[in-house]
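J.: File follows, upload.cif with mmCIF, C-alpha atoms:
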data_work
#
loop_
_atom_site.group_PDB
_atom_site.id
_atom_site.type_symbol
_atom_site.label_atom_id
_atom_site.label_comp_id
_atom_site.auth_asym_id
_atom_site.auth_seq_id
_atom_site.Cartn_x
_atom_site.Cartn_y
_atom_site.Cartn_z
ATOM 1 C CA MET A 5 -9.098 57.298 26.010
ATOM 2 C CA LYS A 6 -8.224 60.324 23.947
ATOM 3 C CA ASP A 7 -4.708 58.985 23.385
ATOM 4 C CA LEU A 8 -6.156 55.682 22.239
ATOM 5 C CA LEU A 9 -8.006 57.377 19.415
ATOM 6 C CA PHE A 10 -5.619 60.165 18.467
ATOM 7 C CA GLY A 11 -2.331 58.380 19.018
ATOM 8 C CA PRO A 12 -0.994 55.730 16.622
ATOM 9 C CA TRP A 13 -2.927 52.466 16.742
ATOM 10 C CA PRO A 14 -0.877 49.374 17.670
ATOM 11 C CA TRP A 15 -0.643 46.297 15.459
ATOM 12 C CA TYR A 16 -2.974 44.278 17.672
ATOM 13 C CA VAL A 17 -5.737 46.773 16.987
ATOM 14 C CA ALA A 18 -5.068 47.232 13.261
ATOM 15 C CA GLY A 19 -4.561 43.562 12.320
ATOM 16 C CA PRO A 20 -7.871 42.307 13.783
ATOM 17 C CA LEU A 21 -9.750 45.273 12.281
ATOM 18 C CA ILE A 22 -8.279 44.478 8.846
ATOM 19 C CA ALA A 23 -9.484 40.877 9.282
ATOM 20 C CA LEU A 24 -12.893 42.286 10.240
ATOM 21 C CA THR A 25 -12.947 44.342 7.017
ATOM 22 C CA MET A 26 -12.281 41.153 5.042
ATOM 23 C CA PHE A 27 -15.064 39.285 6.867
ATOM 24 C CA PHE A 28 -17.567 42.068 6.218
ATOM 25 C CA LEU A 29 -16.791 41.804 2.491
ATOM 26 C CA ILE A 30 -17.077 38.004 2.592
ATOM 27 C CA PHE A 31 -20.469 38.259 4.295
ATOM 28 C CA PHE A 32 -21.523 40.832 1.703
ATOM 29 C CA GLY A 33 -20.763 38.138 -0.878
ATOM 30 C CA LYS A 34 -17.607 39.857 -2.167
ATOM 31 C CA GLU A 35 -13.885 39.389 -1.787
ATOM 32 C CA PHE A 36 -11.229 41.620 -0.322
ATOM 33 C CA GLY A 37 -8.752 42.850 -2.945
ATOM 34 C CA VAL A 38 -7.889 46.457 -3.670
ATOM 35 C CA SER A 39 -5.687 46.166 -6.766
ATOM 36 C CA GLY A 40 -8.534 44.762 -8.876
ATOM 37 C CA ASN A 41 -9.803 48.336 -8.936
ATOM 38 C CA LEU A 42 -6.834 49.330 -11.092
ATOM 39 C CA ARG A 43 -8.023 46.879 -13.742
ATOM 40 C CA THR A 44 -11.563 48.198 -13.396
ATOM 41 C CA ILE A 45 -10.321 51.764 -13.865
ATOM 42 C CA CYS A 46 -8.552 50.677 -17.080
ATOM 43 C CA SER A 47 -11.709 48.920 -18.297
ATOM 44 C CA MET A 48 -13.992 51.876 -17.669
ATOM 45 C CA SER A 49 -11.488 54.124 -19.440
ATOM 46 C CA GLY A 50 -11.834 52.050 -22.603
ATOM 47 C CA ALA A 51 -8.777 49.782 -22.308
ATOM 48 C CA GLY A 52 -10.896 46.928 -23.670
ATOM 49 C CA LYS A 53 -10.111 48.301 -27.147
ATOM 50 C CA ALA A 54 -6.419 47.590 -26.551
ATOM 51 C CA ALA A 55 -6.584 44.221 -24.789
ATOM 52 C CA ASP A 56 -9.172 41.527 -24.103
ATOM 53 C CA PHE A 57 -7.977 41.456 -20.499
ATOM 54 C CA PHE A 58 -9.981 44.638 -19.960
ATOM 55 C CA LYS A 59 -13.149 43.426 -21.691
ATOM 56 C CA ILE A 60 -14.981 42.904 -18.445
ATOM 57 C CA ASN A 61 -18.322 44.201 -17.280
ATOM 58 C CA TRP A 62 -16.744 46.776 -15.013
ATOM 59 C CA LYS A 63 -20.106 47.777 -13.559
ATOM 60 C CA ASP A 64 -20.019 44.511 -11.583
ATOM 61 C CA GLN A 65 -17.036 45.992 -9.751
ATOM 62 C CA THR A 66 -18.777 49.236 -8.779
ATOM 63 C CA TRP A 67 -18.950 48.088 -5.149
ATOM 64 C CA ASN A 68 -15.127 47.846 -5.048
ATOM 65 C CA LEU A 69 -14.707 51.309 -6.593
ATOM 66 C CA VAL A 70 -17.071 52.654 -3.944
ATOM 67 C CA PHE A 71 -14.977 50.885 -1.278
ATOM 68 C CA LEU A 72 -11.896 52.534 -2.809
ATOM 69 C CA LEU A 73 -13.562 55.948 -2.679
ATOM 70 C CA GLY A 74 -14.308 55.226 0.974
ATOM 71 C CA THR A 75 -10.611 54.627 1.681
ATOM 72 C CA VAL A 76 -9.801 58.080 0.275
ATOM 73 C CA ILE A 77 -12.402 59.608 2.610
ATOM 74 C CA GLY A 78 -11.042 57.495 5.474
ATOM 75 C CA GLY A 79 -7.564 58.904 4.862
ATOM 76 C CA PHE A 80 -8.996 62.417 4.899
ATOM 77 C CA ILE A 81 -10.894 61.829 8.150
ATOM 78 C CA ALA A 82 -7.832 60.289 9.814
ATOM 79 C CA ALA A 83 -5.666 63.257 8.814
ATOM 80 C CA ARG A 84 -8.172 65.974 9.709
ATOM 81 C CA PHE A 85 -9.892 64.672 12.805
ATOM 82 C CA LEU A 86 -8.022 61.741 14.300
ATOM 83 C CA THR A 87 -4.330 62.562 14.228
ATOM 84 C CA ALA A 88 -2.583 64.573 16.913
ATOM 85 C CA SER A 89 0.914 64.066 15.470
ATOM 86 C CA GLU A 90 2.144 62.360 12.350
ATOM 87 C CA GLU A 91 5.499 61.515 13.905
ATOM 88 C CA ILE A 92 6.264 57.795 13.794
ATOM 89 C CA ALA A 93 8.103 55.922 16.540
ATOM 90 C CA LEU A 94 10.519 54.224 14.155
ATOM 91 C CA ASN A 95 13.336 52.016 15.373
ATOM 92 C CA PRO A 96 16.231 54.427 16.179
ATOM 93 C CA GLU A 97 18.499 52.232 14.051
ATOM 94 C CA THR A 98 16.203 52.731 11.068
ATOM 95 C CA VAL A 99 16.226 56.484 11.688
ATOM 96 C CA SER A 100 20.005 56.751 11.952
ATOM 97 C CA HIS A 101 20.429 54.632 8.847
ATOM 98 C CA LEU A 102 18.009 56.840 6.915
ATOM 99 C CA GLN A 103 19.750 59.958 8.184
ATOM 100 C CA SER A 104 23.058 58.625 6.884
ATOM 101 C CA MET A 105 21.369 58.334 3.465
ATOM 102 C CA GLY A 106 20.238 61.951 3.608
ATOM 103 C CA PHE A 107 16.724 61.468 4.990
ATOM 104 C CA ALA A 108 17.255 63.991 7.791
ATOM 105 C CA GLU A 109 13.598 64.178 8.816
ATOM 106 C CA ALA A 110 13.030 60.400 8.915
ATOM 107 C CA GLY A 111 9.765 59.545 10.673
ATOM 108 C CA LYS A 112 8.567 63.130 11.196
ATOM 109 C CA GLN A 113 5.879 62.659 8.556
ATOM 110 C CA PHE A 114 4.344 59.646 6.813
ATOM 111 C CA LEU A 115 6.299 60.149 3.593
ATOM 112 C CA PRO A 116 9.844 61.424 3.011
ATOM 113 C CA TYR A 117 9.909 64.698 1.080
ATOM 114 C CA GLN A 118 13.122 63.462 -0.555
ATOM 115 C CA ILE A 119 10.851 61.206 -2.622
ATOM 116 C CA PHE A 120 7.380 62.755 -2.335
ATOM 117 C CA GLY A 121 8.035 66.500 -2.030
ATOM 118 C CA LEU A 122 6.094 68.275 -4.785
ATOM 119 C CA GLU A 123 9.272 70.018 -5.964
ATOM 120 C CA ARG A 124 10.843 66.569 -6.531
ATOM 121 C CA LEU A 125 8.213 65.903 -9.175
ATOM 122 C CA CYS A 126 9.660 68.721 -11.243
ATOM 123 C CA SER A 127 12.881 66.788 -11.777
ATOM 124 C CA LEU A 128 12.885 63.899 -14.228
ATOM 125 C CA ARG A 129 14.628 61.696 -11.658
ATOM 126 C CA GLY A 130 12.075 62.370 -8.924
ATOM 127 C CA PHE A 131 9.173 61.925 -11.331
ATOM 128 C CA LEU A 132 10.530 58.627 -12.665
ATOM 129 C CA ILE A 133 11.050 57.175 -9.171
ATOM 130 C CA LEU A 134 7.351 57.642 -8.408
ATOM 131 C CA VAL A 135 6.083 56.564 -11.831
ATOM 132 C CA ILE A 136 8.285 53.460 -11.934
ATOM 133 C CA GLY A 137 7.435 52.578 -8.329
ATOM 134 C CA GLY A 138 3.733 52.792 -9.123
ATOM 135 C CA PHE A 139 4.177 50.995 -12.448
ATOM 136 C CA MET A 140 5.814 47.974 -10.810
ATOM 137 C CA VAL A 141 3.098 47.811 -8.153
ATOM 138 C CA GLY A 142 0.362 47.873 -10.803
ATOM 139 C CA PHE A 143 2.085 45.514 -13.251
ATOM 140 C CA GLY A 144 3.244 43.131 -10.516
ATOM 141 C CA ALA A 145 -0.123 43.012 -8.759
ATOM 142 C CA ARG A 146 -1.941 41.998 -11.947
ATOM 143 C CA TYR A 147 0.810 39.563 -13.003
ATOM 144 C CA ALA A 148 0.603 37.898 -9.580
ATOM 145 C CA GLY A 149 -3.185 38.245 -9.561
ATOM 146 C CA GLY A 150 -3.356 40.203 -6.323
ATOM 147 C CA CYS A 151 -1.666 42.592 -3.939
ATOM 148 C CA THR A 152 -1.217 42.800 -0.188
ATOM 149 C CA SER A 153 -4.968 42.565 0.453
ATOM 150 C CA GLY A 154 -5.715 39.868 -2.120
ATOM 151 C CA HIS A 155 -2.710 37.631 -1.479
ATOM 152 C CA ALA A 156 -1.070 38.503 1.866
ATOM 153 C CA ILE A 157 -4.349 38.867 3.781
ATOM 154 C CA SER A 158 -7.145 37.078 1.876
ATOM 155 C CA GLY A 159 -5.024 34.434 0.173
ATOM 156 C CA LEU A 160 -2.905 33.456 3.176
ATOM 157 C CA SER A 161 -6.039 33.407 5.359
ATOM 158 C CA ASN A 162 -7.494 30.907 2.903
ATOM 159 C CA LEU A 163 -4.238 28.883 3.061
ATOM 160 C CA GLN A 164 -3.491 29.353 -0.639
ATOM 161 C CA LEU A 165 -0.043 28.219 -1.793
ATOM 162 C CA PRO A 166 -0.051 30.694 -4.751
ATOM 163 C CA SER A 167 -0.520 33.506 -2.246
ATOM 164 C CA LEU A 168 2.391 32.274 -0.152
ATOM 165 C CA ILE A 169 4.574 32.213 -3.290
ATOM 166 C CA SER A 170 3.403 35.746 -4.112
ATOM 167 C CA VAL A 171 4.236 36.983 -0.627
ATOM 168 C CA VAL A 172 7.702 35.418 -0.917
ATOM 169 C CA GLY A 173 7.983 37.413 -4.156
ATOM 170 C CA PHE A 174 6.830 40.604 -2.411
ATOM 171 C CA PHE A 175 9.680 40.089 0.037
ATOM 172 C CA ILE A 176 12.309 39.301 -2.582
ATOM 173 C CA GLY A 177 11.359 42.520 -4.372
ATOM 174 C CA GLY A 178 11.105 44.618 -1.225
ATOM 175 C CA LEU A 179 14.454 43.415 0.105
ATOM 176 C CA LEU A 180 16.120 44.160 -3.245
ATOM 177 C CA THR A 181 14.718 47.688 -3.249
ATOM 178 C CA VAL A 182 15.579 48.494 0.361
ATOM 179 C CA HIS A 183 19.046 46.924 0.401
ATOM 180 C CA LEU A 184 20.253 47.530 -3.166
ATOM 181 C CA ILE A 185 18.174 50.045 -5.110
ATOM 182 C CA LEU A 186 17.519 52.717 -2.472
ATOM 183 C CA PRO A 187 21.187 52.837 -1.322
ATOM 184 C CA PHE A 188 22.081 53.241 -5.015
ATOM 185 C CA LEU A 189 19.581 56.069 -5.502
ATOM 186 C CA PHE A 190 20.243 57.963 -2.248
ATOM 187 C CA MET B 9 -28.148 52.605 -0.719
ATOM 188 C CA LYS B 10 -26.832 49.125 -1.468
ATOM 189 C CA LEU B 11 -23.454 50.713 -2.123
ATOM 190 C CA ALA B 12 -23.381 52.803 1.056
ATOM 191 C CA LYS B 13 -22.123 49.881 3.128
ATOM 192 C CA TYR B 14 -19.083 49.557 0.884
ATOM 193 C CA LEU B 15 -18.381 53.253 1.233
ATOM 194 C CA LEU B 16 -18.547 52.993 5.024
ATOM 195 C CA LEU B 17 -16.357 49.889 5.017
ATOM 196 C CA GLY B 18 -13.831 51.713 2.843
ATOM 197 C CA VAL B 19 -13.818 54.663 5.259
ATOM 198 C CA PHE B 20 -13.267 52.223 8.142
ATOM 199 C CA PHE B 21 -10.396 50.507 6.305
ATOM 200 C CA GLY B 22 -8.816 53.828 5.342
ATOM 201 C CA ILE B 23 -8.867 55.088 8.911
ATOM 202 C CA ILE B 24 -7.302 51.853 10.227
ATOM 203 C CA LEU B 25 -4.430 51.901 7.752
ATOM 204 C CA ALA B 26 -3.785 55.585 8.371
ATOM 205 C CA LYS B 27 -3.993 55.365 12.166
ATOM 206 C CA ALA B 28 -1.736 52.295 12.317
ATOM 207 C CA GLU B 29 0.819 54.080 10.081
ATOM 208 C CA ILE B 30 0.630 51.301 7.480
ATOM 209 C CA ILE B 31 0.413 54.005 4.819
ATOM 210 C CA SER B 32 3.832 55.333 5.821
ATOM 211 C CA TRP B 33 6.777 54.818 3.475
ATOM 212 C CA TYR B 34 8.968 54.605 6.567
ATOM 213 C CA ARG B 35 7.037 51.672 8.059
ATOM 214 C CA ILE B 36 7.516 49.683 4.840
ATOM 215 C CA TYR B 37 11.208 50.553 4.776
ATOM 216 C CA GLU B 38 11.573 49.514 8.433
ATOM 217 C CA MET B 39 9.734 46.253 7.735
ATOM 218 C CA PHE B 40 12.114 45.292 4.926
ATOM 219 C CA ARG B 41 15.044 45.984 7.240
ATOM 220 C CA PHE B 42 13.479 43.697 9.868
ATOM 221 C CA GLU B 43 13.822 46.487 12.420
ATOM 222 C CA SER B 44 10.273 46.567 13.731
ATOM 223 C CA PHE B 45 7.607 44.023 14.575
ATOM 224 C CA HIS B 46 4.801 46.466 13.752
ATOM 225 C CA MET B 47 4.006 45.484 10.141
ATOM 226 C CA TYR B 48 4.547 41.780 10.860
ATOM 227 C CA GLY B 49 2.162 42.077 13.777
ATOM 228 C CA VAL B 50 -0.461 43.792 11.628
ATOM 229 C CA ILE B 51 -0.308 41.300 8.757
ATOM 230 C CA GLY B 52 0.309 38.290 11.021
ATOM 231 C CA SER B 53 -2.629 38.953 13.353
ATOM 232 C CA ALA B 54 -4.923 39.687 10.390
ATOM 233 C CA VAL B 55 -3.915 36.397 8.749
ATOM 234 C CA VAL B 56 -4.229 34.281 11.930
ATOM 235 C CA LEU B 57 -7.697 35.650 12.687
ATOM 236 C CA GLY B 58 -8.593 35.499 8.987
ATOM 237 C CA ALA B 59 -7.569 31.837 8.755
ATOM 238 C CA ILE B 60 -9.545 30.893 11.880
ATOM 239 C CA GLY B 61 -12.610 32.742 10.603
ATOM 240 C CA ILE B 62 -12.445 31.245 7.113
ATOM 241 C CA GLN B 63 -12.120 27.730 8.577
ATOM 242 C CA LEU B 64 -15.200 28.396 10.727
ATOM 243 C CA ILE B 65 -17.083 29.681 7.661
ATOM 244 C CA LYS B 66 -16.154 26.608 5.619
ATOM 245 C CA ARG B 67 -16.747 24.000 8.327
ATOM 246 C CA ASN B 68 -20.091 25.422 9.371
ATOM 247 C CA LYS B 69 -21.132 26.107 5.754
ATOM 248 C CA LEU B 70 -22.095 29.655 6.687
ATOM 249 C CA LYS B 71 -24.222 31.824 4.416
ATOM 250 C CA ASP B 72 -23.667 35.453 3.494
ATOM 251 C CA PHE B 73 -26.135 38.289 4.163
ATOM 252 C CA HIS B 74 -27.983 37.410 0.950
ATOM 253 C CA GLY B 75 -28.505 33.838 2.140
ATOM 254 C CA GLN B 76 -25.998 32.383 -0.326
ATOM 255 C CA LEU B 77 -23.530 29.731 0.814
ATOM 256 C CA ILE B 78 -20.139 31.404 1.168
ATOM 257 C CA GLN B 79 -17.667 29.964 -1.306
ATOM 258 C CA ILE B 80 -14.171 31.345 -1.488
ATOM 259 C CA ALA B 81 -12.503 30.493 -4.780
ATOM 260 C CA ASP B 82 -9.051 28.898 -4.733
ATOM 261 C CA LYS B 83 -6.284 30.752 -6.569
ATOM 262 C CA ASN B 84 -5.156 29.136 -9.824
ATOM 263 C CA SER B 85 -2.143 26.922 -9.238
ATOM 264 C CA GLY B 86 1.231 27.918 -10.626
ATOM 265 C CA ILE B 87 4.589 29.295 -9.588
ATOM 266 C CA THR B 88 6.025 31.558 -12.288
ATOM 267 C CA ARG B 89 3.419 34.289 -12.359
ATOM 268 C CA TYR B 90 3.258 34.485 -8.575
ATOM 269 C CA LEU B 91 7.004 34.587 -8.067
ATOM 270 C CA ILE B 92 7.835 37.054 -10.864
ATOM 271 C CA GLY B 93 4.705 39.156 -10.419
ATOM 272 C CA GLY B 94 5.176 39.190 -6.667
ATOM 273 C CA THR B 95 8.819 40.223 -6.971
ATOM 274 C CA LEU B 96 7.972 43.099 -9.323
ATOM 275 C CA PHE B 97 5.240 44.147 -6.921
ATOM 276 C CA GLY B 98 7.673 44.080 -3.990
ATOM 277 C CA LEU B 99 10.240 46.153 -5.896
ATOM 278 C CA GLY B 100 7.635 48.856 -6.437
ATOM 279 C CA TRP B 101 6.066 48.532 -2.989
ATOM 280 C CA ALA B 102 9.316 49.345 -1.199
ATOM 281 C CA LEU B 103 10.233 52.110 -3.661
ATOM 282 C CA ALA B 104 6.906 53.954 -3.589
ATOM 283 C CA GLY B 105 6.268 52.833 -0.003
ATOM 284 C CA ALA B 106 2.663 52.073 -0.807
ATOM 285 C CA CYS B 107 0.630 49.163 -2.089
ATOM 286 C CA PRO B 108 -2.680 49.858 -3.885
ATOM 287 C CA GLY B 109 -4.848 50.501 -0.790
ATOM 288 C CA PRO B 110 -2.474 52.942 0.930
ATOM 289 C CA MET B 111 -1.973 54.864 -2.344
ATOM 290 C CA PHE B 112 -5.585 55.988 -2.264
ATOM 291 C CA ILE B 113 -5.638 56.514 1.508
ATOM 292 C CA LEU B 114 -2.570 58.763 1.168
ATOM 293 C CA LEU B 115 -4.400 60.755 -1.487
ATOM 294 C CA GLY B 116 -7.179 61.463 1.003
ATOM 295 C CA TYR B 117 -4.580 62.136 3.683
ATOM 296 C CA GLY B 118 -3.384 65.044 1.562
ATOM 297 C CA TYR B 119 -0.179 63.764 -0.060
ATOM 298 C CA LEU B 120 -0.820 64.955 -3.597
ATOM 299 C CA SER B 121 2.360 63.586 -5.191
ATOM 300 C CA ILE B 122 0.937 60.088 -4.660
ATOM 301 C CA ILE B 123 -1.249 60.835 -7.722
ATOM 302 C CA VAL B 124 1.842 60.172 -9.842
ATOM 303 C CA VAL B 125 2.256 56.765 -8.156
ATOM 304 C CA ILE B 126 -1.431 55.962 -8.734
ATOM 305 C CA LEU B 127 -1.160 56.913 -12.418
ATOM 306 C CA GLY B 128 1.965 54.763 -12.653
ATOM 307 C CA ALA B 129 0.064 51.838 -11.115
ATOM 308 C CA ILE B 130 -2.822 52.263 -13.570
ATOM 309 C CA LEU B 131 -0.305 52.406 -16.435
ATOM 310 C CA GLY B 132 1.420 49.270 -15.125
ATOM 311 C CA THR B 133 -1.916 47.456 -14.959
ATOM 312 C CA PHE B 134 -2.713 48.551 -18.521
ATOM 313 C CA VAL B 135 0.675 47.423 -19.876
ATOM 314 C CA TYR B 136 0.274 44.054 -18.144
ATOM 315 C CA GLY B 137 -3.099 43.616 -19.842
ATOM 316 C CA VAL B 138 -1.562 44.365 -23.235
ATOM 317 C CA VAL B 139 1.491 42.100 -22.938
ATOM 318 C CA ARG B 140 0.087 39.328 -20.745
ATOM 319 C CA ASN B 141 -0.226 36.811 -23.583
ATOM 320 C CA LYS B 142 3.504 37.065 -24.169
ATOM 321 C CA LEU B 143 4.427 36.504 -20.527
ATOM 322 C CA PRO B 144 5.080 33.161 -18.806
ATOM 323 C CA HIS B 145 2.370 32.383 -16.253
#
For the structure just supplied, provide its representation as C-alpha cells.

T.:
Amino acid sequence: MKDLLFGPWPWYVAGPLIALTMFFLIFFGKEFGVSGNLRTICSMSGAGKAADFFKINWKDQTWNLVFLLGTVIGGFIAARFLTASEEIALNPETVSHLQSMGFAEAGKQFLPYQIFGLERLCSLRGFLILVIGGFMVGFGARYAGGCTSGHAISGLSNLQLPSLISVVGFFIGGLLTVHLILPFLF
Amino acid sequence: MKLAKYLLLGVFFGIILAKAEIISWYRIYEMFRFESFHMYGVIGSAVVLGAIGIQLIKRNKLKDFHGQLIQIADKNSGITRYLIGGTLFGLGWALAGACPGPMFILLGYGYLSIIVVILGAILGTFVYGVVRNKLPH
C-alpha cells in the first residue's frame, strides 16, 4: 500500500484521474484548459492596453487561476510528502542515448541539470533555451487556442477535429525538437 | 468558499501529474522517441474515458452542479492556426519538457529555474496577442 502511494503512479491510474479532473470542471460549469491562465495573467497585468486580445474581464477566470495555484501546491505536496525517490524508470535505450549526448544523470531527477541547473541560467545560451522553450509553448498554445489539457484531453474527448489537427502539430514540433534541435544543441 | 473547490481540484491535478512523472522532461523526451508507452497510456486512457463520459453527458442531457444543462462548445473550424500553432507548441514542449500545467507543478515541486520558462510562456502569449491580427488563422 505504501509503495502504491509513494512510488510512481502508473498510466492507468493517472489517465483516469486526469479524466476525472476534467469531469469535475465540467460539472462545475467550467472547462479544462490550463494555458488560458497565461492570457488571464497578461490581462490582469494590463496587456489590454497593448492588444484587444487581452481586453477580457479577467475576473471571470479567477476560478482557473485558483486551480493553477492549486497545481503549484499539489507539486509541493507531491515532492515533500509523497515521493520516496525521484528516479524515473526510463527505457534503457532512452537513457543510453541521453548519456551519449552528455546527459550522464538521465532519469535520476525529473529535470536534467544540463538544461535546468540554476548555474545554466547564468549563461546566455542556457537562459535562451528556457526562455525560447517557454515562449513557443505560450505563443503556440494561444495560436492553436489550447494546450495539452484544452486540445489533447478536452478537445479529443469531445471528438473535435481542430484538436486532432493541433495534436498532430504538437507531435510535428516535438519530433523536430527531439530528433533535430536537441542533437544540434547537445 | 466557492473557489476552494477549484483549489482542491488543482492540488489533486498537481499531485497526479507529479506522481505519474508527467512533469518530467525525460518522460516527454522518451515519448517523442516512441520508447515508452507511459505518456501514450496516460493521454490515451484519459481521452477514451473522457470521450465516453462526454457522450453520456450529451446523450442524457446531464446538468451541472448549478442545475444548468451542460453544453460543451465546439472548437472553431480551421486548419492553419491549429497546425502552425500546434507545431510551435510542440517545439517548445519538447525543448522545455513542460506544457503549461507541468510548468506550475514543477514550480511547486521546487525546480526554480522553471520560472524562466513560465515567464517565457507569458511573454509568448503576450506577443501572440499583439501580432495575432497579422497571422493566418

J.: Between atom CA of A:Gly150 and atom CA of B:Asp72, what is the distance, to one decimal in Å?

T.: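 Separation between atom CA of A:Gly150 and atom CA of B:Asp72: 23.1 Å.
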
J.: Considering only C-alpha atoms, state which residue in the set A:Pro20, A:Thr75, A:Arg84, A:Ser170 is at the smallest distance from B:Ile31.

T.: A:Thr75

J.: As JSON, please report the centre and edge lengths, rounded to one decimal in Å, of the axis-aligned box that holds all listed atoms of stretch 47-53 of chain A with 4 Å of padding on each of the six sides.

T.:
{"center_x": -11.4, "center_y": 50.5, "center_z": -22.4, "size_x": 13.2, "size_y": 15.2, "size_z": 17.5}

J.: List the residues matched by the PyMOL selection byres ((chain B and resi 74-84) around 10) in the displayed structure as a ChimeraX atom specification, ordered by chain and then by residue number.

T.: /A:30-35,149-150,155,158-159,162-167 /B:62,65-66,69-73,85-87

J.: Write the residues of the selection above to a file with C-alpha atoms, as an mmCIF file, in the coordinates of the input.

T.:
data_model
loop_
_atom_site.group_PDB
_atom_site.id
_atom_site.type_symbol
_atom_site.label_atom_id
_atom_site.label_comp_id
_atom_site.auth_asym_id
_atom_site.auth_seq_id
_atom_site.Cartn_x
_atom_site.Cartn_y
_atom_site.Cartn_z
ATOM 1 C CA ILE A 30 -17.077 38.004 2.592
ATOM 2 C CA PHE A 31 -20.469 38.259 4.295
ATOM 3 C CA PHE A 32 -21.523 40.832 1.703
ATOM 4 C CA GLY A 33 -20.763 38.138 -0.878
ATOM 5 C CA LYS A 34 -17.607 39.857 -2.167
ATOM 6 C CA GLU A 35 -13.885 39.389 -1.787
ATOM 7 C CA GLY A 149 -3.185 38.245 -9.561
ATOM 8 C CA GLY A 150 -3.356 40.203 -6.323
ATOM 9 C CA HIS A 155 -2.710 37.631 -1.479
ATOM 10 C CA SER A 158 -7.145 37.078 1.876
ATOM 11 C CA GLY A 159 -5.024 34.434 0.173
ATOM 12 C CA ASN A 162 -7.494 30.907 2.903
ATOM 13 C CA LEU A 163 -4.238 28.883 3.061
ATOM 14 C CA GLN A 164 -3.491 29.353 -0.639
ATOM 15 C CA LEU A 165 -0.043 28.219 -1.793
ATOM 16 C CA PRO A 166 -0.051 30.694 -4.751
ATOM 17 C CA SER A 167 -0.520 33.506 -2.246
ATOM 18 C CA ILE B 62 -12.445 31.245 7.113
ATOM 19 C CA ILE B 65 -17.083 29.681 7.661
ATOM 20 C CA LYS B 66 -16.154 26.608 5.619
ATOM 21 C CA LYS B 69 -21.132 26.107 5.754
ATOM 22 C CA LEU B 70 -22.095 29.655 6.687
ATOM 23 C CA LYS B 71 -24.222 31.824 4.416
ATOM 24 C CA ASP B 72 -23.667 35.453 3.494
ATOM 25 C CA PHE B 73 -26.135 38.289 4.163
ATOM 26 C CA SER B 85 -2.143 26.922 -9.238
ATOM 27 C CA GLY B 86 1.231 27.918 -10.626
ATOM 28 C CA ILE B 87 4.589 29.295 -9.588
#

J.: For chain B, which of A:Phe188, A:Tyr117, A:Phe107, A:Phe57 is the closest residue, counting all atoms listed in the file?

T.: A:Phe57

J.: Of the candidates A:Leu9, A:Leu184, A:Leu189, A:Leu115, which one gets nearest to chain B if we count all atoms listed in the file?

T.: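 Nearest to chain B: A:Leu115.
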
J.: Can you write stretch 46-57 of chain B from the block above with N, CA and C atoms, as a PDB file, in the first residue's frame?

T.:
ATOM      1  N   HIS B  46       4.250   4.900 -21.538  1.00  0.00           N
ATOM      2  CA  HIS B  46       3.704   5.613 -20.385  1.00  0.00           C
ATOM      3  C   HIS B  46       2.838   6.829 -20.748  1.00  0.00           C
ATOM      4  N   MET B  47       3.425   7.796 -21.478  1.00  0.00           N
ATOM      5  CA  MET B  47       2.681   9.024 -21.783  1.00  0.00           C
ATOM      6  C   MET B  47       1.487   8.748 -22.701  1.00  0.00           C
ATOM      7  N   TYR B  48       1.659   7.796 -23.621  1.00  0.00           N
ATOM      8  CA  TYR B  48       0.540   7.443 -24.511  1.00  0.00           C
ATOM      9  C   TYR B  48      -0.585   6.814 -23.711  1.00  0.00           C
ATOM     10  N   GLY B  49      -0.198   6.011 -22.726  1.00  0.00           N
ATOM     11  CA  GLY B  49      -1.197   5.394 -21.854  1.00  0.00           C
ATOM     12  C   GLY B  49      -1.953   6.428 -21.048  1.00  0.00           C
ATOM     13  N   VAL B  50      -1.215   7.406 -20.515  1.00  0.00           N
ATOM     14  CA  VAL B  50      -1.841   8.468 -19.717  1.00  0.00           C
ATOM     15  C   VAL B  50      -2.851   9.240 -20.578  1.00  0.00           C
ATOM     16  N   ILE B  51      -2.359   9.774 -21.699  1.00  0.00           N
ATOM     17  CA  ILE B  51      -3.229  10.620 -22.532  1.00  0.00           C
ATOM     18  C   ILE B  51      -4.333   9.776 -23.157  1.00  0.00           C
ATOM     19  N   GLY B  52      -3.965   8.574 -23.642  1.00  0.00           N
ATOM     20  CA  GLY B  52      -4.942   7.706 -24.304  1.00  0.00           C
ATOM     21  C   GLY B  52      -6.074   7.301 -23.368  1.00  0.00           C
ATOM     22  N   SER B  53      -5.739   6.878 -22.147  1.00  0.00           N
ATOM     23  CA  SER B  53      -6.804   6.430 -21.235  1.00  0.00           C
ATOM     24  C   SER B  53      -7.655   7.618 -20.791  1.00  0.00           C
ATOM     25  N   ALA B  54      -7.029   8.790 -20.628  1.00  0.00           N
ATOM     26  CA  ALA B  54      -7.816   9.982 -20.269  1.00  0.00           C
ATOM     27  C   ALA B  54      -8.793  10.324 -21.387  1.00  0.00           C
ATOM     28  N   VAL B  55      -8.326  10.216 -22.640  1.00  0.00           N
ATOM     29  CA  VAL B  55      -9.187  10.585 -23.774  1.00  0.00           C
ATOM     30  C   VAL B  55     -10.310   9.561 -23.971  1.00  0.00           C
ATOM     31  N   VAL B  56      -9.999   8.262 -23.857  1.00  0.00           N
ATOM     32  CA  VAL B  56     -11.040   7.239 -24.030  1.00  0.00           C
ATOM     33  C   VAL B  56     -12.130   7.405 -22.974  1.00  0.00           C
ATOM     34  N   LEU B  57     -11.726   7.539 -21.713  1.00  0.00           N
ATOM     35  CA  LEU B  57     -12.720   7.732 -20.652  1.00  0.00           C
ATOM     36  C   LEU B  57     -13.430   9.069 -20.806  1.00  0.00           C
TER      37      LEU B  57
END
